[in-house]
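Right, one structure below, let's go through it.
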Amino acid sequence: MKILVTGAAGFIGFHLSRVLLARGDEVVGLDNLNDYYDVSLKQARLSQLQGLPGFRFVEMDLADRDGIAALFAGERFDKVVNLAAQAGVRYSLQNPHAYIDSNLVGFTNILEGCRHNEVKHLVYASSSSVYGANTTMPFSVHHNVDHPVSLYAATKKANELMAHTYSHLYGLPTTGLRFFTVYGPWGRPDMAMFLFAEAILAGQPIQVFNHGKMRRDFTYIDDIVEGVVRTLDHTAPSNPDWDSAAPDSATSAAPYRLYNIGNNNPVELMHLIETLETALGKTAQKEMLPIQPGDVPATYADVDALIADVGFKPQTSIEDGVGRFVDWYRAYFEK
């Protein structure tokens, strides 16, 4: 297949592109290479992809309406995986317009490209942040998610609603994936794993929010990618039993699906730090801080729908995943 992967120089997009190329798909990777975090890391990921047969790179912003329309019209993609977005909960408090431009305007351009060019399936990144003020655990795709606590989360919830509209109006199969705290080699420098490793090795204090009582469903990158590939190959069907009198938010009478991709095993932040200390062979200096605006105290994924529909459940342990991350980190930064 010819597949468009947006955010191809990003963490998940890079790993996904490698897996798709390895199985023989043609991948057009799109990224705007913005400076939200170190561009050299994005370029290093990209250099790994550009030597692989079947890969082509396009530097473009999702908000470029004419450029995206021309790309879709010229390439005639079979399927699309939209991973490009302005990420980060805390950054959304500082620069809200970046989230509107990328996550709303940009996503509209992707939907329009799919609609007008006979794309067979659109898979797009949502986020566990959509659960917001929910407290019922584990988080299920069948739960109501109408109370986001950050603009980032609100844009991801909006993506799910926008996708449903296109599935309903135009018969475009769409699948939204709610990712839970992704980590691993080539990860994002703004995420806790990366920040902690950098500070611990430099002998600097790490910031431990909510006094270490945060709990996250840390999900290893290989498990995330396996989930993306399986859902990409399982074109979203309509639900013939969908009932408008008792609507299920994860399915529809239209060809529409939502899935959680999480490890189904939340880990307390202090345990993550201890695991990282063991892997690095060095003890962290800790600065204990209160919870930050927009953060939620815990995430925990119910993955029953993912198991039922595509037969997959993430299962990499935090010890194995952190060990692999540290091996990559030391090699990449020569530390």
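Residues are referred to by chain and number: the chain letter is A, B, ... according to the order shown in the structure tokens, the number counts from 1 in that chain, and ligands are numbered separately from 1 in the order shown.
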Just want the 9 Å neighbourhood of A:Thr275, counted on only C-alpha atoms, with same-chain residues fewer than 2 positions away dropped. Output as a compact mmCIF listing (two decimals) with N, CA and C atoms, in the first residue's frame.
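Result file out_23.txt:
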# COMPACT_ATOMS: atom_id res chain seq x y z
N MET A 270 7.17 7.34 41.29
CA MET A 270 8.34 7.00 42.09
C MET A 270 8.92 5.64 41.68
N HIS A 271 8.07 4.69 41.28
CA HIS A 271 8.58 3.40 40.83
C HIS A 271 9.31 3.55 39.49
N LEU A 272 8.77 4.40 38.61
CA LEU A 272 9.47 4.68 37.35
C LEU A 272 10.86 5.24 37.64
N ILE A 273 10.93 6.20 38.56
CA ILE A 273 12.22 6.82 38.88
C ILE A 273 13.20 5.79 39.44
N GLU A 277 16.71 4.80 37.86
CA GLU A 277 17.94 4.88 38.65
C GLU A 277 18.73 3.57 38.56
N THR A 278 18.02 2.45 38.65
CA THR A 278 18.68 1.14 38.56
C THR A 278 19.34 0.96 37.20
N ALA A 279 18.60 1.30 36.14
CA ALA A 279 19.13 1.12 34.78
C ALA A 279 20.33 2.04 34.51
N LEU A 280 20.29 3.25 35.09
CA LEU A 280 21.38 4.21 34.88
C LEU A 280 22.54 3.99 35.85
N ILE A 318 7.66 -2.29 32.47
CA ILE A 318 8.38 -1.03 32.64
C ILE A 318 9.88 -1.29 32.79
N GLU A 319 10.25 -2.41 33.42
CA GLU A 319 11.67 -2.73 33.60
C GLU A 319 12.35 -2.99 32.25
N VAL A 322 12.29 0.45 30.11
CA VAL A 322 13.25 1.45 30.59
C VAL A 322 14.67 1.00 30.27
N GLY A 323 14.95 -0.28 30.41
CA GLY A 323 16.28 -0.79 30.08
C GLY A 323 16.64 -0.53 28.63
Can you list every residue of stretch 148-259 of chain A that has an atom at most 10 Å from stretch 291-310 of chain A, with its nearest atom pair and the distance in Å to one decimal, using only C-alpha atoms, ordered by chain then number, as a tab-separated table?
residue	atom	partner	partner_atom	distance
A:Pro148	CA	A:Gly294	CA	8.7
A:Val149	CA	A:Gly294	CA	5.2
A:Ser150	CA	A:Gly294	CA	4.9
A:Leu151	CA	A:Gly294	CA	8.4
A:Tyr152	CA	A:Gly294	CA	9.0
A:Ala153	CA	A:Gly294	CA	9.0
A:Leu177	CA	A:Leu306	CA	9.8
A:Arg178	CA	A:Ala301	CA	9.0
A:Phe179	CA	A:Ala301	CA	9.0
A:Phe180	CA	A:Ala301	CA	7.3
A:Thr181	CA	A:Thr299	CA	8.7
A:Val208	CA	A:Ile291	CA	8.9
A:Phe209	CA	A:Ile291	CA	5.2
A:Asn210	CA	A:Ile291	CA	4.2
A:His211	CA	A:Ile291	CA	7.6
A:Gly212	CA	A:Ile291	CA	9.3
A:Lys213	CA	A:Pro297	CA	7.4
A:Met214	CA	A:Pro297	CA	4.9
A:Arg215	CA	A:Ala298	CA	4.5
A:Arg216	CA	A:Thr299	CA	5.0
A:Asp217	CA	A:Tyr300	CA	5.3
A:Phe218	CA	A:Thr299	CA	9.0
A:Thr219	CA	A:Ala301	CA	10.0
A:Gly227	CA	A:Leu306	CA	8.0
A:Val229	CA	A:Val310	CA	9.9
A:Arg230	CA	A:Val310	CA	6.1
A:Thr231	CA	A:Val310	CA	6.7
A:Leu232	CA	A:Val310	CA	10.0
A:Asp233	CA	A:Val310	CA	9.0
A:His234	CA	A:Val310	CA	7.1
A:Ala236	CA	A:Asp309	CA	9.9
A:Ala250	CA	A:Ala305	CA	9.0
A:Arg257	CA	A:Ala305	CA	9.6
A:Leu258	CA	A:Ala305	CA	8.6
A:Tyr259	CA	A:Leu306	CA	5.9
Please produce a file of the residues just selected, as a compact mmCIF listing (two decimals), in the first residue's frame, where the atoms kept are N, CA and C atoms.
# COMPACT_ATOMS: atom_id res chain seq x y z
N PRO A 148 -12.56 17.77 29.38
CA PRO A 148 -11.10 17.89 29.27
C PRO A 148 -10.58 18.95 30.24
N VAL A 149 -9.31 18.81 30.66
CA VAL A 149 -8.73 19.77 31.60
C VAL A 149 -7.52 20.49 31.02
N SER A 150 -7.33 20.39 29.70
CA SER A 150 -6.31 21.18 29.00
C SER A 150 -6.78 21.41 27.58
N LEU A 151 -6.27 22.47 26.96
CA LEU A 151 -6.64 22.74 25.57
C LEU A 151 -6.14 21.62 24.65
N TYR A 152 -4.97 21.07 24.96
CA TYR A 152 -4.46 19.94 24.18
C TYR A 152 -5.49 18.81 24.16
N ALA A 153 -6.01 18.46 25.34
CA ALA A 153 -7.01 17.40 25.43
C ALA A 153 -8.27 17.76 24.66
N LEU A 177 -6.96 6.64 17.95
CA LEU A 177 -6.19 5.87 18.92
C LEU A 177 -5.78 6.75 20.09
N ARG A 178 -6.25 6.40 21.26
CA ARG A 178 -5.91 7.14 22.47
C ARG A 178 -4.65 6.53 23.07
N PHE A 179 -3.51 7.18 22.82
CA PHE A 179 -2.22 6.70 23.31
C PHE A 179 -2.03 7.05 24.78
N PHE A 180 -1.42 6.14 25.51
CA PHE A 180 -1.14 6.34 26.94
C PHE A 180 0.37 6.42 27.17
N THR A 181 0.88 7.59 27.50
CA THR A 181 2.26 7.86 27.93
C THR A 181 3.28 6.97 27.24
N VAL A 208 9.66 16.28 40.46
CA VAL A 208 8.72 15.18 40.69
C VAL A 208 7.37 15.78 41.07
N PHE A 209 6.46 15.80 40.11
CA PHE A 209 5.18 16.46 40.33
C PHE A 209 4.22 15.57 41.14
N ASN A 210 3.27 16.24 41.80
CA ASN A 210 2.31 15.58 42.67
C ASN A 210 3.02 14.75 43.73
N HIS A 211 4.23 15.20 44.11
CA HIS A 211 5.02 14.55 45.16
C HIS A 211 5.24 13.06 44.87
N GLY A 212 5.34 12.73 43.58
CA GLY A 212 5.64 11.36 43.18
C GLY A 212 4.45 10.44 43.13
N LYS A 213 3.25 10.96 43.40
CA LYS A 213 2.06 10.10 43.46
C LYS A 213 1.30 10.04 42.13
N MET A 214 1.86 10.64 41.08
CA MET A 214 1.27 10.48 39.76
C MET A 214 1.35 9.00 39.36
N ARG A 215 0.33 8.52 38.69
CA ARG A 215 0.35 7.15 38.16
C ARG A 215 0.05 7.22 36.67
N ARG A 216 0.92 6.59 35.90
CA ARG A 216 0.77 6.64 34.45
C ARG A 216 0.83 5.23 33.86
N ASP A 217 0.04 5.04 32.80
CA ASP A 217 0.04 3.76 32.08
C ASP A 217 1.12 3.83 31.01
N PHE A 218 2.40 3.77 31.45
CA PHE A 218 3.53 3.89 30.53
C PHE A 218 3.47 2.77 29.50
N THR A 219 3.53 3.17 28.21
CA THR A 219 3.37 2.20 27.12
C THR A 219 4.58 2.25 26.20
N GLY A 227 0.01 -1.75 17.82
CA GLY A 227 -1.40 -1.39 17.86
C GLY A 227 -1.82 -0.54 16.68
N VAL A 229 -0.44 -0.47 13.64
CA VAL A 229 -0.43 -1.30 12.42
C VAL A 229 -1.65 -2.21 12.37
N ARG A 230 -1.97 -2.82 13.50
CA ARG A 230 -3.12 -3.73 13.51
C ARG A 230 -4.43 -3.00 13.25
N THR A 231 -4.58 -1.82 13.83
CA THR A 231 -5.82 -1.07 13.59
C THR A 231 -5.85 -0.50 12.17
N LEU A 232 -4.68 -0.13 11.63
CA LEU A 232 -4.61 0.35 10.25
C LEU A 232 -5.10 -0.74 9.29
N ASP A 233 -4.72 -1.98 9.56
CA ASP A 233 -5.10 -3.10 8.69
C ASP A 233 -6.54 -3.56 8.92
N HIS A 234 -7.14 -3.11 10.01
CA HIS A 234 -8.52 -3.48 10.36
C HIS A 234 -9.40 -2.25 10.10
N ALA A 236 -11.97 0.47 9.89
CA ALA A 236 -13.07 0.72 10.83
C ALA A 236 -14.42 0.35 10.21
N ALA A 250 -17.70 4.87 21.38
CA ALA A 250 -16.53 4.30 20.72
C ALA A 250 -16.82 3.70 19.36
N ARG A 257 -14.29 4.04 14.70
CA ARG A 257 -13.87 3.32 15.90
C ARG A 257 -12.91 4.16 16.73
N LEU A 258 -12.94 3.93 18.05
CA LEU A 258 -11.97 4.49 18.97
C LEU A 258 -11.36 3.35 19.79
N TYR A 259 -10.04 3.42 20.02
CA TYR A 259 -9.36 2.43 20.85
C TYR A 259 -8.38 3.10 21.79
Item to check | Every residue of stretch 64-149 of chain A that DSSP places in strand (DSSP E or B), as a ChimeraX atom specification | outcome: /A:79-82,121-127,139
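Proximity to A:Asp146 was assessed for A:Gln204, A:Ser249, A:Ser17, A:Thr235 counting only C-alpha atoms; the smallest distance is recorded for A:Ser249.
Compared by their closest atoms to A:Asn159, and using only C-alpha atoms, the residues A:Leu172, A:Met137, A:Ile206, A:Ala85 rank with A:Ala85 nearest.
Distances here use only C-alpha atoms; by that measure, the residue among A:Asn109, A:Phe77, A:Ala199, A:Lys313 closest to A:Asn265 is A:Lys313.
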With only C-alpha atoms counted and 10 Å as the cut-off, give the residues of stretch 177-214 of chain A in contact with stretch 324-335 of chain A, each with its shortest interatomic distance in Å and the pair that gives it, as a tab-separated table.
residue	atom	partner	partner_atom	distance
A:Tyr183	CA	A:Phe325	CA	7.8
A:Gly184	CA	A:Phe325	CA	4.8
A:Pro185	CA	A:Phe325	CA	4.7
A:Trp186	CA	A:Trp328	CA	7.6
A:Gly187	CA	A:Phe325	CA	8.3
A:Met193	CA	A:Phe325	CA	8.6
A:Phe194	CA	A:Tyr329	CA	8.4
A:Ala197	CA	A:Val326	CA	7.8
A:Glu198	CA	A:Tyr329	CA	9.0
A:Leu201	CA	A:Lys335	CA	8.1
A:Ala202	CA	A:Lys335	CA	9.9
Item to check | Per-residue DSSP, stretch 294-333 of chain A, filtered to alpha helix (DSSP H), as a PyMOL selection string | outcome: chain A and resi 304-310+318-333
Item to check | Nearest-residue call for A:Pro96, choices A:Val81, A:Val123, A:Ala154, A:Cys114, using only C-alpha atoms | outcome: A:Ala154
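Every protein, DNA or RNA residue with an atom at most 12 Å from A:Arg115, where only C-alpha atoms count and chain neighbours fewer than 6 positions away do not, is listed here: Ala69, Phe72, Ala73, Arg76, Phe77, Asp78, Lys79, Val80, Thr108, Asn109, His121, Leu122, Ala163, Thr165, Tyr166, Ser167, His168, Leu169, Tyr170, Gly171, Leu172, Pro173 and Thr174 of chain A.
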Give me the stretch 69-147 of chain A side of the contact with stretch 55-62 of chain A, cut-off 10 Å, one line per residue showing its nearest atom pair and distance in Å at one decimal, counting only C-alpha atoms, sorted by chain and residue number, as CSV.
residue,atom,partner,partner_atom,distance
A:Leu71,CA,A:Val58,CA,9.1
A:Asn82,CA,A:Leu62,CA,9.8
A:Ala84,CA,A:Leu62,CA,7.7
A:Ala85,CA,A:Leu62,CA,8.6
A:Asp101,CA,A:Leu62,CA,8.3
A:Ser102,CA,A:Leu62,CA,6.2
A:Asn103,CA,A:Leu62,CA,8.6
A:Leu104,CA,A:Leu62,CA,9.6
A:Val105,CA,A:Leu62,CA,7.7
A:Gly106,CA,A:Leu62,CA,4.3
A:Phe107,CA,A:Leu62,CA,7.2
A:Thr108,CA,A:Leu62,CA,8.9
A:Asn109,CA,A:Leu62,CA,6.9
A:Ile110,CA,A:Leu62,CA,7.5
Export of the given selection (N, CA and C atoms) as a JSON list (two decimals), in the first residue's frame:
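After the write, selection-v5.json holds the following:
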[["chain", "number", "residue", "atom", "x", "y", "z"],
["A", 71, "LEU", "N", -0.88, 17.57, -2.32],
["A", 71, "LEU", "CA", -0.19, 16.31, -1.98],
["A", 71, "LEU", "C", -1.14, 15.13, -2.11],
["A", 82, "ASN", "N", -2.38, 9.81, 10.68],
["A", 82, "ASN", "CA", -2.10, 11.19, 11.09],
["A", 82, "ASN", "C", -1.58, 11.22, 12.52],
["A", 84, "ALA", "N", 0.92, 13.74, 13.19],
["A", 84, "ALA", "CA", 1.40, 15.11, 13.35],
["A", 84, "ALA", "C", 0.41, 15.90, 14.21],
["A", 85, "ALA", "N", 0.94, 16.60, 15.19],
["A", 85, "ALA", "CA", 0.11, 17.41, 16.08],
["A", 85, "ALA", "C", 1.01, 18.26, 16.94],
["A", 101, "ASP", "N", -3.91, 25.72, 15.26],
["A", 101, "ASP", "CA", -3.37, 25.65, 13.89],
["A", 101, "ASP", "C", -3.09, 24.22, 13.47],
["A", 102, "SER", "N", -2.42, 23.46, 14.32],
["A", 102, "SER", "CA", -2.01, 22.11, 13.95],
["A", 102, "SER", "C", -3.10, 21.08, 14.16],
["A", 103, "ASN", "N", -3.71, 21.11, 15.36],
["A", 103, "ASN", "CA", -4.60, 20.01, 15.74],
["A", 103, "ASN", "C", -6.02, 20.17, 15.21],
["A", 104, "LEU", "N", -6.43, 21.39, 14.92],
["A", 104, "LEU", "CA", -7.78, 21.60, 14.38],
["A", 104, "LEU", "C", -7.75, 21.98, 12.91],
["A", 105, "VAL", "N", -7.06, 23.05, 12.55],
["A", 105, "VAL", "CA", -6.97, 23.43, 11.14],
["A", 105, "VAL", "C", -6.26, 22.34, 10.34],
["A", 106, "GLY", "N", -5.13, 21.87, 10.87],
["A", 106, "GLY", "CA", -4.38, 20.82, 10.17],
["A", 106, "GLY", "C", -5.17, 19.54, 10.01],
["A", 107, "PHE", "N", -5.89, 19.14, 11.04],
["A", 107, "PHE", "CA", -6.66, 17.91, 10.96],
["A", 107, "PHE", "C", -7.81, 18.04, 9.96],
["A", 108, "THR", "N", -8.39, 19.23, 9.87],
["A", 108, "THR", "CA", -9.43, 19.47, 8.85],
["A", 108, "THR", "C", -8.86, 19.25, 7.46],
["A", 109, "ASN", "N", -7.64, 19.73, 7.22],
["A", 109, "ASN", "CA", -7.02, 19.55, 5.91],
["A", 109, "ASN", "C", -6.77, 18.08, 5.60],
["A", 110, "ILE", "N", -6.42, 17.30, 6.62],
["A", 110, "ILE", "CA", -6.24, 15.85, 6.43],
["A", 110, "ILE", "C", -7.57, 15.19, 6.10]]
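The closest residue to A:Leu83, picked from A:Asp66, A:Asp320, A:Asp31, A:Glu226 and counting only C-alpha atoms, is A:Asp31.
Take the candidates A:Leu161, A:Ile68, A:Ile224, A:Val89 and check each one against A:Phe11 using only C-alpha atoms; the shortest distance goes to A:Ile224.
Interatomic distance, atom CA of A:Phe14 to atom CA of A:Pro237: 27.4 Å.
The gap separating atom CA of A:Ser317 from atom CA of A:Asn264 is 10.6 Å, in Å to one decimal.
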